[in-house]
$ cat work.pdb   # PDB, C-alpha atoms and all ligand atoms
ATOM      1  CA  MET A   1     -29.715 -53.941 -15.492
ATOM      2  CA  ARG A   2     -28.541 -52.986 -12.048
ATOM      3  CA  LYS A   3     -24.960 -53.409 -13.179
ATOM      4  CA  LEU A   4     -25.602 -51.027 -16.057
ATOM      5  CA  PHE A   5     -27.007 -48.420 -13.666
ATOM      6  CA  THR A   6     -24.038 -48.742 -11.362
ATOM      7  CA  PHE A   7     -21.747 -48.348 -14.348
ATOM      8  CA  LEU A   8     -23.584 -45.224 -15.567
ATOM      9  CA  TRP A   9     -23.593 -43.720 -12.104
ATOM     10  CA  LEU A  10     -19.863 -44.342 -11.745
ATOM     11  CA  SER A  11     -19.125 -42.850 -15.167
ATOM     12  CA  LEU A  12     -21.110 -39.724 -14.344
ATOM     13  CA  THR A  13     -19.350 -39.343 -11.020
ATOM     14  CA  LEU A  14     -15.962 -39.679 -12.676
ATOM     15  CA  LEU A  15     -16.910 -37.236 -15.410
ATOM     16  CA  SER A  16     -18.062 -34.654 -12.930
ATOM     17  CA  CYS A  17     -14.813 -35.027 -10.988
ATOM     18  CA  GLY A  18     -12.898 -34.173 -14.115
ATOM     19  CA  SER A  19     -14.925 -31.211 -15.267
ATOM     20  CA  VAL A  20     -16.564 -29.453 -12.337
ATOM     21  CA  LYS A  21     -14.627 -28.202  -9.385
ATOM     22  CA  GLU A  22     -15.590 -25.508  -6.976
ATOM     23  CA  ALA A  23     -13.589 -24.392  -4.028
ATOM     24  CA  SER A  24     -13.706 -21.302  -1.887
ATOM     25  CA  ASN A  25     -10.593 -19.145  -1.938
ATOM     26  CA  ALA A  26      -9.517 -20.431   1.464
ATOM     27  CA  GLU A  27      -9.529 -24.007   0.191
ATOM     28  CA  LYS A  28      -7.544 -23.221  -2.928
ATOM     29  CA  VAL A  29      -3.860 -24.035  -3.164
ATOM     30  CA  SER A  30      -1.887 -20.805  -3.199
ATOM     31  CA  VAL A  31       0.908 -20.967  -5.742
ATOM     32  CA  VAL A  32       3.726 -18.511  -6.351
ATOM     33  CA  ALA A  33       5.695 -18.901  -9.592
ATOM     34  CA  THR A  34       8.742 -16.918 -10.639
ATOM     35  CA  THR A  35       8.113 -16.314 -14.366
ATOM     36  CA  GLY A  36       4.840 -15.818 -16.237
ATOM     37  CA  MET A  37       5.428 -18.982 -18.269
ATOM     38  CA  ILE A  38       5.566 -21.111 -15.122
ATOM     39  CA  ALA A  39       2.532 -19.359 -13.629
ATOM     40  CA  ASP A  40       0.673 -20.176 -16.844
ATOM     41  CA  ILE A  41       1.324 -23.929 -16.499
ATOM     42  CA  ALA A  42       0.145 -23.840 -12.874
ATOM     43  CA  ARG A  43      -3.035 -21.966 -13.896
ATOM     44  CA  ASN A  44      -3.804 -24.390 -16.703
ATOM     45  CA  ILE A  45      -3.417 -27.416 -14.470
ATOM     46  CA  GLY A  46      -4.788 -26.011 -11.233
ATOM     47  CA  GLN A  47      -7.538 -23.857 -12.779
ATOM     48  CA  ASP A  48     -10.321 -23.343 -10.192
ATOM     49  CA  SER A  49      -8.436 -25.129  -7.437
ATOM     50  CA  VAL A  50      -5.457 -22.768  -7.261
ATOM     51  CA  ILE A  51      -4.608 -19.109  -6.913
ATOM     52  CA  VAL A  52      -1.438 -18.348  -8.842
ATOM     53  CA  ASN A  53       0.814 -15.315  -8.547
ATOM     54  CA  ALA A  54       3.815 -14.636 -10.747
ATOM     55  CA  LEU A  55       6.677 -12.614  -9.261
ATOM     56  CA  MET A  56       8.125 -11.444 -12.580
ATOM     57  CA  GLY A  57       5.814  -9.517 -14.875
ATOM     58  CA  PRO A  58       6.132  -8.394 -18.514
ATOM     59  CA  GLY A  59       9.579  -7.200 -19.558
ATOM     60  CA  VAL A  60      11.283  -8.442 -16.387
ATOM     61  CA  ASP A  61      14.651 -10.172 -16.809
ATOM     62  CA  PRO A  62      14.810 -13.268 -14.544
ATOM     63  CA  HIS A  63      18.635 -13.497 -14.723
ATOM     64  CA  LEU A  64      18.955 -10.179 -12.917
ATOM     65  CA  TYR A  65      15.829 -10.292 -10.770
ATOM     66  CA  LYS A  66      16.175  -9.893  -7.011
ATOM     67  CA  ALA A  67      13.267 -10.716  -4.698
ATOM     68  CA  THR A  68      11.647  -7.582  -3.233
ATOM     69  CA  GLN A  69      10.325  -7.379   0.342
ATOM     70  CA  GLY A  70       6.810  -7.875  -1.061
ATOM     71  CA  ASP A  71       7.947 -10.996  -2.927
ATOM     72  CA  LEU A  72       9.443 -12.478   0.218
ATOM     73  CA  GLY A  73       6.094 -12.019   1.974
ATOM     74  CA  ARG A  74       4.220 -13.681  -0.892
ATOM     75  CA  LEU A  75       6.719 -16.543  -1.004
ATOM     76  CA  ARG A  76       6.390 -17.101   2.723
ATOM     77  CA  GLN A  77       2.597 -17.278   2.491
ATOM     78  CA  ALA A  78       2.438 -19.602  -0.512
ATOM     79  CA  ASP A  79       1.561 -23.290  -0.186
ATOM     80  CA  VAL A  80       3.640 -24.152  -3.227
ATOM     81  CA  ILE A  81       6.492 -22.339  -5.002
ATOM     82  CA  PHE A  82       7.455 -23.169  -8.569
ATOM     83  CA  TYR A  83      10.599 -21.851 -10.201
ATOM     84  CA  ASN A  84      12.449 -22.714 -13.401
ATOM     85  CA  GLY A  85      15.788 -23.795 -11.953
ATOM     86  CA  LEU A  86      18.976 -24.399 -14.006
ATOM     87  CA  HIS A  87      20.101 -21.020 -12.578
ATOM     88  CA  LEU A  88      17.577 -19.002 -14.579
ATOM     89  CA  GLU A  89      16.669 -17.114 -11.423
ATOM     90  CA  GLY A  90      20.375 -16.472 -10.817
ATOM     91  CA  LYS A  91      19.929 -14.100  -7.874
ATOM     92  CA  MET A  92      17.251 -16.031  -6.014
ATOM     93  CA  GLY A  93      19.115 -19.247  -5.201
ATOM     94  CA  GLU A  94      19.586 -18.400  -1.530
ATOM     95  CA  VAL A  95      15.934 -17.435  -1.091
ATOM     96  CA  PHE A  96      14.801 -20.814  -2.456
ATOM     97  CA  GLU A  97      17.309 -22.700  -0.329
ATOM     98  CA  LYS A  98      15.923 -21.100   2.832
ATOM     99  CA  LEU A  99      12.286 -21.645   1.853
ATOM    100  CA  GLU A 100      12.914 -25.265   0.900
ATOM    101  CA  ARG A 101      13.381 -26.113   4.560
ATOM    102  CA  ILE A 102       9.877 -24.994   5.460
ATOM    103  CA  LYS A 103       7.704 -25.529   2.377
ATOM    104  CA  THR A 104       7.215 -27.113  -1.030
ATOM    105  CA  VAL A 105       9.631 -25.453  -3.430
ATOM    106  CA  VAL A 106       9.919 -27.096  -6.836
ATOM    107  CA  PRO A 107      12.215 -26.314  -9.770
ATOM    108  CA  ILE A 108       9.965 -27.440 -12.624
ATOM    109  CA  SER A 109      12.967 -28.331 -14.811
ATOM    110  CA  ARG A 110      13.770 -31.126 -12.345
ATOM    111  CA  GLY A 111      11.915 -33.795 -14.311
ATOM    112  CA  ILE A 112      13.795 -33.228 -17.558
ATOM    113  CA  GLU A 113      16.574 -35.718 -18.200
ATOM    114  CA  THR A 114      20.020 -34.153 -18.351
ATOM    115  CA  SER A 115      20.602 -35.697 -21.778
ATOM    116  CA  ASN A 116      17.826 -33.449 -23.132
ATOM    117  CA  LEU A 117      19.439 -30.283 -21.784
ATOM    118  CA  ILE A 118      21.869 -28.055 -23.661
ATOM    119  CA  ASP A 119      25.212 -27.417 -21.923
ATOM    120  CA  ASN A 120      26.052 -23.926 -20.802
ATOM    121  CA  PRO A 121      29.439 -23.336 -22.482
ATOM    122  CA  VAL A 122      30.481 -20.730 -19.901
ATOM    123  CA  PHE A 123      29.939 -22.691 -16.687
ATOM    124  CA  GLN A 124      31.051 -26.291 -16.943
ATOM    125  CA  GLY A 125      28.521 -28.761 -15.637
ATOM    126  CA  SER A 126      25.595 -26.340 -15.840
ATOM    127  CA  HIS A 127      22.845 -26.134 -18.451
ATOM    128  CA  ASP A 128      20.989 -23.592 -20.528
ATOM    129  CA  PRO A 129      17.810 -22.702 -18.588
ATOM    130  CA  HIS A 130      15.652 -21.469 -21.525
ATOM    131  CA  ILE A 131      13.707 -24.729 -21.835
ATOM    132  CA  TRP A 132      10.341 -23.101 -22.695
ATOM    133  CA  PHE A 133      11.470 -22.364 -26.261
ATOM    134  CA  ASP A 134      11.194 -26.028 -27.240
ATOM    135  CA  VAL A 135       7.502 -26.698 -26.719
ATOM    136  CA  SER A 136       8.055 -30.472 -26.632
ATOM    137  CA  LEU A 137      10.563 -30.014 -23.785
ATOM    138  CA  TRP A 138       8.393 -27.544 -21.861
ATOM    139  CA  LEU A 139       5.621 -30.110 -22.050
ATOM    140  CA  LYS A 140       7.722 -32.420 -19.894
ATOM    141  CA  THR A 141       7.612 -29.954 -16.989
ATOM    142  CA  ILE A 142       3.865 -30.522 -16.660
ATOM    143  CA  ASP A 143       4.472 -33.809 -14.793
ATOM    144  CA  GLU A 144       6.326 -32.051 -11.994
ATOM    145  CA  VAL A 145       3.568 -29.435 -11.619
ATOM    146  CA  VAL A 146       0.778 -32.044 -11.543
ATOM    147  CA  ALA A 147       2.594 -34.235  -9.009
ATOM    148  CA  THR A 148       3.232 -31.244  -6.731
ATOM    149  CA  LEU A 149      -0.365 -29.985  -6.842
ATOM    150  CA  ILE A 150      -1.679 -33.497  -6.121
ATOM    151  CA  LYS A 151       0.619 -33.744  -3.097
ATOM    152  CA  SER A 152      -0.767 -30.484  -1.734
ATOM    153  CA  ASP A 153      -4.378 -31.283  -2.535
ATOM    154  CA  PRO A 154      -4.842 -35.062  -3.028
ATOM    155  CA  GLU A 155      -8.630 -34.824  -3.252
ATOM    156  CA  SER A 156      -8.407 -32.970  -6.547
ATOM    157  CA  LYS A 157      -6.185 -35.579  -8.182
ATOM    158  CA  PRO A 158      -8.642 -36.496 -11.004
ATOM    159  CA  TYR A 159      -9.265 -32.809 -11.692
ATOM    160  CA  TYR A 160      -5.549 -31.967 -11.977
ATOM    161  CA  GLU A 161      -4.871 -35.031 -14.090
ATOM    162  CA  SER A 162      -7.669 -34.277 -16.493
ATOM    163  CA  ASN A 163      -6.572 -30.619 -16.836
ATOM    164  CA  ALA A 164      -2.978 -31.738 -17.382
ATOM    165  CA  SER A 165      -3.926 -34.146 -20.101
ATOM    166  CA  ALA A 166      -5.905 -31.413 -21.916
ATOM    167  CA  TYR A 167      -2.965 -28.998 -21.619
ATOM    168  CA  ARG A 168      -0.497 -31.624 -22.854
ATOM    169  CA  ASN A 169      -2.674 -32.004 -25.954
ATOM    170  CA  GLU A 170      -2.749 -28.256 -26.519
ATOM    171  CA  LEU A 171       1.032 -28.035 -26.266
ATOM    172  CA  GLN A 172       1.515 -30.994 -28.593
ATOM    173  CA  ILE A 173      -0.653 -29.204 -31.168
ATOM    174  CA  LEU A 174       1.375 -26.020 -30.602
ATOM    175  CA  HIS A 175       4.666 -27.890 -31.111
ATOM    176  CA  ASN A 176       3.419 -29.291 -34.433
ATOM    177  CA  TRP A 177       2.215 -25.831 -35.459
ATOM    178  CA  VAL A 178       5.693 -24.355 -34.854
ATOM    179  CA  LEU A 179       7.288 -27.124 -36.940
ATOM    180  CA  THR A 180       4.940 -26.351 -39.846
ATOM    181  CA  GLU A 181       5.435 -22.573 -39.578
ATOM    182  CA  VAL A 182       9.227 -22.789 -39.595
ATOM    183  CA  GLU A 183       9.017 -24.836 -42.811
ATOM    184  CA  LYS A 184       7.986 -21.552 -44.488
ATOM    185  CA  ILE A 185      11.547 -20.251 -44.052
ATOM    186  CA  PRO A 186      13.908 -21.573 -46.739
ATOM    187  CA  LYS A 187      16.727 -23.673 -45.212
ATOM    188  CA  GLU A 188      19.499 -21.230 -46.164
ATOM    189  CA  LYS A 189      17.701 -18.359 -44.405
ATOM    190  CA  ARG A 190      17.203 -20.152 -41.118
ATOM    191  CA  LEU A 191      19.612 -18.056 -39.152
ATOM    192  CA  MET A 192      18.646 -15.692 -36.363
ATOM    193  CA  VAL A 193      20.520 -13.268 -34.127
ATOM    194  CA  THR A 194      18.975 -12.235 -30.815
ATOM    195  CA  ALA A 195      19.929  -9.977 -27.901
ATOM    196  CA  HIS A 196      21.008 -12.851 -25.638
ATOM    197  CA  ASP A 197      21.480 -16.609 -26.019
ATOM    198  CA  ALA A 198      17.915 -17.565 -25.126
ATOM    199  CA  PHE A 199      16.960 -19.400 -28.292
ATOM    200  CA  SER A 200      19.260 -22.447 -28.385
ATOM    201  CA  TYR A 201      16.452 -24.874 -27.517
ATOM    202  CA  PHE A 202      14.269 -23.204 -30.115
ATOM    203  CA  GLY A 203      17.006 -23.581 -32.716
ATOM    204  CA  ARG A 204      17.606 -27.234 -31.862
ATOM    205  CA  ALA A 205      13.929 -28.194 -31.878
ATOM    206  CA  TYR A 206      12.929 -26.303 -35.006
ATOM    207  CA  ASP A 207      16.107 -26.433 -37.057
ATOM    208  CA  ILE A 208      17.213 -22.780 -37.017
ATOM    209  CA  GLU A 209      20.788 -21.639 -36.380
ATOM    210  CA  VAL A 210      20.857 -19.091 -33.552
ATOM    211  CA  ARG A 211      23.411 -16.581 -32.263
ATOM    212  CA  GLY A 212      23.027 -14.263 -29.286
ATOM    213  CA  LEU A 213      24.864 -11.031 -28.582
ATOM    214  CA  GLN A 214      25.126 -11.744 -24.913
ATOM    215  CA  GLY A 215      25.632 -15.175 -23.407
ATOM    216  CA  ILE A 216      23.061 -17.461 -21.825
ATOM    217  CA  SER A 217      22.701 -15.103 -18.885
ATOM    218  CA  THR A 218      22.289 -11.364 -19.394
ATOM    219  CA  LEU A 219      24.732 -11.007 -16.487
ATOM    220  CA  SER A 220      27.607 -11.614 -18.897
ATOM    221  CA  GLU A 221      29.304  -8.549 -20.304
ATOM    222  CA  PHE A 222      29.139  -7.798 -23.993
ATOM    223  CA  GLY A 223      32.576  -6.621 -25.074
ATOM    224  CA  LEU A 224      33.936  -4.835 -28.116
ATOM    225  CA  LYS A 225      35.446  -8.054 -29.479
ATOM    226  CA  ASP A 226      32.093  -9.841 -29.288
ATOM    227  CA  ARG A 227      30.567  -6.961 -31.192
ATOM    228  CA  VAL A 228      33.173  -7.080 -33.957
ATOM    229  CA  ASP A 229      32.836 -10.879 -34.227
ATOM    230  CA  LEU A 230      29.090 -10.716 -34.464
ATOM    231  CA  VAL A 231      29.124  -7.930 -37.077
ATOM    232  CA  ASN A 232      31.532 -10.016 -39.188
ATOM    233  CA  PHE A 233      29.333 -13.066 -38.772
ATOM    234  CA  ILE A 234      26.192 -11.177 -39.878
ATOM    235  CA  VAL A 235      27.954  -9.616 -42.872
ATOM    236  CA  GLU A 236      29.581 -12.901 -43.991
ATOM    237  CA  ARG A 237      26.451 -14.975 -43.600
ATOM    238  CA  LYS A 238      24.230 -12.199 -45.031
ATOM    239  CA  VAL A 239      21.842 -12.422 -42.059
ATOM    240  CA  LYS A 240      18.593 -10.642 -42.940
ATOM    241  CA  ALA A 241      17.281  -9.694 -39.535
ATOM    242  CA  VAL A 242      18.269  -9.412 -35.898
ATOM    243  CA  PHE A 243      15.746  -9.464 -33.077
ATOM    244  CA  VAL A 244      15.328  -7.397 -29.940
ATOM    245  CA  GLU A 245      13.897  -8.916 -26.801
ATOM    246  CA  THR A 246      11.338  -7.387 -24.474
ATOM    247  CA  SER A 247      13.364  -8.227 -21.377
ATOM    248  CA  VAL A 248      16.796  -7.091 -22.629
ATOM    249  CA  SER A 249      18.064  -3.593 -23.499
ATOM    250  CA  GLU A 250      17.947  -2.709 -27.220
ATOM    251  CA  LYS A 251      21.184  -0.744 -27.084
ATOM    252  CA  ASN A 252      23.526  -3.564 -28.119
ATOM    253  CA  ILE A 253      21.363  -4.790 -30.996
ATOM    254  CA  LYS A 254      21.230  -1.239 -32.381
ATOM    255  CA  ALA A 255      25.022  -0.994 -32.230
ATOM    256  CA  ILE A 256      25.230  -4.218 -34.256
ATOM    257  CA  VAL A 257      22.849  -2.925 -36.919
ATOM    258  CA  GLU A 258      24.979   0.245 -37.166
ATOM    259  CA  GLY A 259      28.218  -1.806 -37.347
ATOM    260  CA  CYS A 260      26.836  -3.866 -40.248
ATOM    261  CA  LYS A 261      25.748  -0.710 -42.073
ATOM    262  CA  GLN A 262      29.310   0.620 -41.914
ATOM    263  CA  LYS A 263      30.461  -2.578 -43.618
ATOM    264  CA  GLY A 264      27.886  -2.156 -46.351
ATOM    265  CA  HIS A 265      25.429  -4.805 -45.140
ATOM    266  CA  GLU A 266      21.864  -3.800 -44.407
ATOM    267  CA  VAL A 267      20.424  -5.855 -41.561
ATOM    268  CA  VAL A 268      17.025  -4.914 -40.185
ATOM    269  CA  ILE A 269      15.542  -5.287 -36.721
ATOM    270  CA  GLY A 270      13.127  -8.154 -37.351
ATOM    271  CA  GLY A 271      10.904  -7.326 -34.414
ATOM    272  CA  ASN A 272      10.509  -7.761 -30.721
ATOM    273  CA  LEU A 273      10.654 -11.264 -29.265
ATOM    274  CA  PHE A 274       9.344 -12.342 -25.892
ATOM    275  CA  SER A 275      12.323 -14.209 -24.561
ATOM    276  CA  ASP A 276      12.405 -14.501 -20.797
ATOM    277  CA  ALA A 277       9.113 -12.746 -20.045
ATOM    278  CA  MET A 278       5.668 -12.815 -21.593
ATOM    279  CA  SER A 279       3.504  -9.878 -22.571
ATOM    280  CA  ALA A 280       0.909  -8.297 -20.198
ATOM    281  CA  GLU A 281      -1.707 -10.780 -18.984
ATOM    282  CA  ASP A 282      -4.654  -9.345 -20.914
ATOM    283  CA  THR A 283      -2.832  -9.374 -24.281
ATOM    284  CA  ALA A 284      -2.512 -12.119 -26.916
ATOM    285  CA  ALA A 285       1.072 -12.948 -25.928
ATOM    286  CA  GLY A 286       0.202 -12.835 -22.215
ATOM    287  CA  ASN A 287       0.011 -16.623 -21.955
ATOM    288  CA  TYR A 288       2.521 -19.278 -22.997
ATOM    289  CA  ILE A 289       0.737 -20.454 -26.148
ATOM    290  CA  GLY A 290       0.153 -16.873 -27.306
ATOM    291  CA  MET A 291       3.771 -15.970 -26.565
ATOM    292  CA  VAL A 292       5.125 -18.850 -28.657
ATOM    293  CA  LYS A 293       2.773 -17.995 -31.514
ATOM    294  CA  ALA A 294       3.747 -14.302 -31.431
ATOM    295  CA  ASN A 295       7.478 -15.138 -31.453
ATOM    296  CA  VAL A 296       7.214 -17.683 -34.253
ATOM    297  CA  SER A 297       5.092 -15.351 -36.399
ATOM    298  CA  THR A 298       7.636 -12.537 -35.926
ATOM    299  CA  ILE A 299      10.558 -14.834 -36.772
ATOM    300  CA  VAL A 300       8.923 -16.403 -39.841
ATOM    301  CA  GLU A 301       7.773 -13.030 -41.161
ATOM    302  CA  ALA A 302      11.282 -11.535 -40.853
ATOM    303  CA  LEU A 303      13.275 -14.472 -42.243
ATOM    304  CA  LYS A 304      11.159 -16.125 -44.942
TER     305      LYS A 304
HETATM  306 ZN    ZN A 401      17.600 -15.575 -20.648
END

$ encode --input "work.pdb" --output "structure tokens" --more "lines below"
Ligand code: ZN
Amino acid sequence: MRKLFTFLWLSLTLLSCGSVKEASNAEKVSVVATTGMIADIARNIGQDSVIVNALMGPGVDPHLYKATQGDLGRLRQADVIFYNGLHLEGKMGEVFEKLERIKTVVPISRGIETSNLIDNPVFQGSHDPHIWFDVSLWLKTIDEVVATLIKSDPESKPYYESNASAYRNELQILHNWVLTEVEKIPKEKRLMVTAHDAFSYFGRAYDIEVRGLQGISTLSEFGLKDRVDLVNFIVERKVKAVFVETSVSEKNIKAIVEGCKQKGHEVVIGGNLFSDAMSAEDTAAGNYIGMVKANVSTIVEALK
């Protein structure tokens, strides 16, 4: 009987560790993340034990983003800094290098095996940073976030682990949902053109051919020849819709639509996709799961 009581007591203690956690603000781990998607992972895993700030809000392009004076202050005060890595934050490399010497700075892509990454055709030896578009790949970054939070706050280990396992489940369900949704688009129509090459992982994971106007980074110039090539491609392949992105200028996509019209092919703007930035925090696409759902719904609606 006594053994049974001890067992029950232990189970209750363990359960409460995993579900209830209260900490005053001073005890919480202060986290700064670059993009909203990364901040969202940290919030889901850290929940009540962390305070998370994202540097880049809705509509902000991480390829071009430079840290402001305010950002530098926030970065200096943070306990933990998470960034994407793979040169997504192309203009912040030096800032991270300096901070690395004095605090925990973690590129969350670090845990993904190179064999799972897509090569960047422009810079040999480097990889496409847009890993969040393949939900099953993004899921792998959770490990790095959990391990880092546990290092900073070992007492909350069971809490972080239990939150992480719940979030992994949610993302697995999301990944399966995307697979089912994309099935609604007939094979021959699975072709999408976007403002920049952000959707290669999406295309690989969910079996859609993708083409971007600009390269993997929005830093690359979009020339007249690229425009002519892309117009020809859209006309030849009878692409139904092209997509604008909230973090990239619409100008180039509009020029493409016009170019196709002159060649007698009507291509429509299929909608706005959240590529490198999520929507405002209090909106449906203001968290990672909502962002993926919004994008997939827009894509399926335009192409099916
Ligand atoms: Zn991008």

$ residues_around --input "work.pdb" --residues "A:Val182" --least-positions-apart "2" --cutoff "8 Å" --atoms "all atoms listed in the file" --output "PyMOL selection string"
chain A and resi 178-180+184-185+206+296+300

$ residues_near_ligand --input "work.pdb" --ligand "ligand ZN 401 (chain A)" --cutoff "6 Å" --atoms "only C-alpha atoms and all ligand atoms" --output "compact mmCIF listing (two decimals) with C-alpha atoms, keeping the file's coordinate frame"
# COMPACT_ATOMS: atom_id res chain seq x y z
CA ALA A 198 17.92 -17.57 -25.13
CA ILE A 216 23.06 -17.46 -21.82
CA SER A 217 22.70 -15.10 -18.89
CA ASP A 276 12.40 -14.50 -20.80

$ closest_residue --input "work.pdb" --among "A:Leu75, A:Leu303, A:Ile131, A:Val267" --to "A:Met192" --atoms "only C-alpha atoms"
A:Leu303

$ residues_around --input "work.pdb" --residues "A:Arg211" --least-positions-apart "4" --cutoff "7 Å" --atoms "only C-alpha atoms" --output "ChimeraX atom specification"
/A:192-194,197

$ atom_distance --input "work.pdb" --atom1 "atom CA of A:Asp229" --atom2 "atom CA of A:Asn120"
19.9 Å

$ closest_residue --input "work.pdb" --among "A:Glu27, A:Glu181, A:Glu144, A:Glu113" --to "A:Ser297" --atoms "only C-alpha atoms"
A:Glu181

$ atom_distance --input "work.pdb" --atom1 "atom CA of A:Lys103" --atom2 "atom CA of A:Pro129"
23.4 Å

$ resolve_selection --input "work.pdb" --expression "the PyMOL selection byres (((chain A and resi 38) around 9) and not hetatm)" --output "ChimeraX atom specification"
/A:33-37,39-43,54,82-84,108,288

$ closest_residue --input "work.pdb" --among "A:Asp79, A:Ser126, A:Ser24, A:Leu149" --to "A:Glu100" --atoms "all atoms listed in the file"
A:Asp79

$ atom_distance --input "work.pdb" --atom1 "atom CA of A:Cys260" --atom2 "atom CA of A:Ser275"
23.7 Å

$ resolve_selection --input "work.pdb" --expression "the PyMOL selection byres (((chain A and resi 210) around 12) and not hetatm)" --output "count of residues only"
33

$ closest_residue --input "work.pdb" --among "A:Ile289, A:Val29, A:Asn295, A:Ile45" --to "A:Asp153" --atoms "only C-alpha atoms"
A:Val29

$ closest_residue --input "work.pdb" --among "A:His87, A:Lys28, A:Lys251, A:Lys293" --to "A:Leu171" --atoms "only C-alpha atoms"
A:Lys293

$ decode --input "work.pdb" --residues "stretch 72-87 of chain A" --atoms "N, CA and C atoms" --output "short mmCIF file (atom, residue, chain, number, x, y, z; two decimals), in the first residue's frame"
data_model
loop_
_atom_site.label_atom_id
_atom_site.label_comp_id
_atom_site.auth_asym_id
_atom_site.auth_seq_id
_atom_site.Cartn_x
_atom_site.Cartn_y
_atom_site.Cartn_z
N LEU A 72 20.30 46.42 -30.78
CA LEU A 72 21.59 46.07 -30.17
C LEU A 72 21.47 46.06 -28.65
N GLY A 73 20.70 47.02 -28.11
CA GLY A 73 20.45 47.06 -26.68
C GLY A 73 19.71 45.82 -26.22
N ARG A 74 18.67 45.46 -26.95
CA ARG A 74 17.87 44.26 -26.59
C ARG A 74 18.72 42.99 -26.67
N LEU A 75 19.56 42.92 -27.70
CA LEU A 75 20.41 41.75 -27.87
C LEU A 75 21.41 41.64 -26.71
N ARG A 76 21.93 42.80 -26.31
CA ARG A 76 22.92 42.79 -25.23
C ARG A 76 22.29 42.35 -23.91
N GLN A 77 21.01 42.68 -23.72
CA GLN A 77 20.36 42.35 -22.45
C GLN A 77 19.79 40.93 -22.40
N ALA A 78 19.68 40.29 -23.55
CA ALA A 78 19.04 38.97 -23.59
C ALA A 78 19.90 37.90 -22.91
N ASP A 79 19.24 36.88 -22.35
CA ASP A 79 19.97 35.72 -21.84
C ASP A 79 20.33 34.81 -23.01
N VAL A 80 19.40 34.69 -23.93
CA VAL A 80 19.56 33.77 -25.05
C VAL A 80 19.15 34.46 -26.36
N ILE A 81 19.93 34.26 -27.41
CA ILE A 81 19.58 34.80 -28.73
C ILE A 81 19.43 33.66 -29.71
N PHE A 82 18.29 33.60 -30.37
CA PHE A 82 18.08 32.60 -31.41
C PHE A 82 18.01 33.29 -32.77
N TYR A 83 18.72 32.77 -33.74
CA TYR A 83 18.56 33.26 -35.11
C TYR A 83 18.48 32.07 -36.05
N ASN A 84 18.10 32.32 -37.30
CA ASN A 84 17.89 31.23 -38.24
C ASN A 84 19.22 30.61 -38.68
N GLY A 85 20.15 31.50 -39.08
CA GLY A 85 21.41 31.02 -39.64
C GLY A 85 21.26 30.71 -41.12
N LEU A 86 22.26 30.04 -41.72
CA LEU A 86 22.30 29.76 -43.16
C LEU A 86 22.24 31.07 -43.95
N HIS A 87 22.75 32.14 -43.35
CA HIS A 87 22.82 33.48 -43.96
C HIS A 87 21.45 34.10 -44.25
#
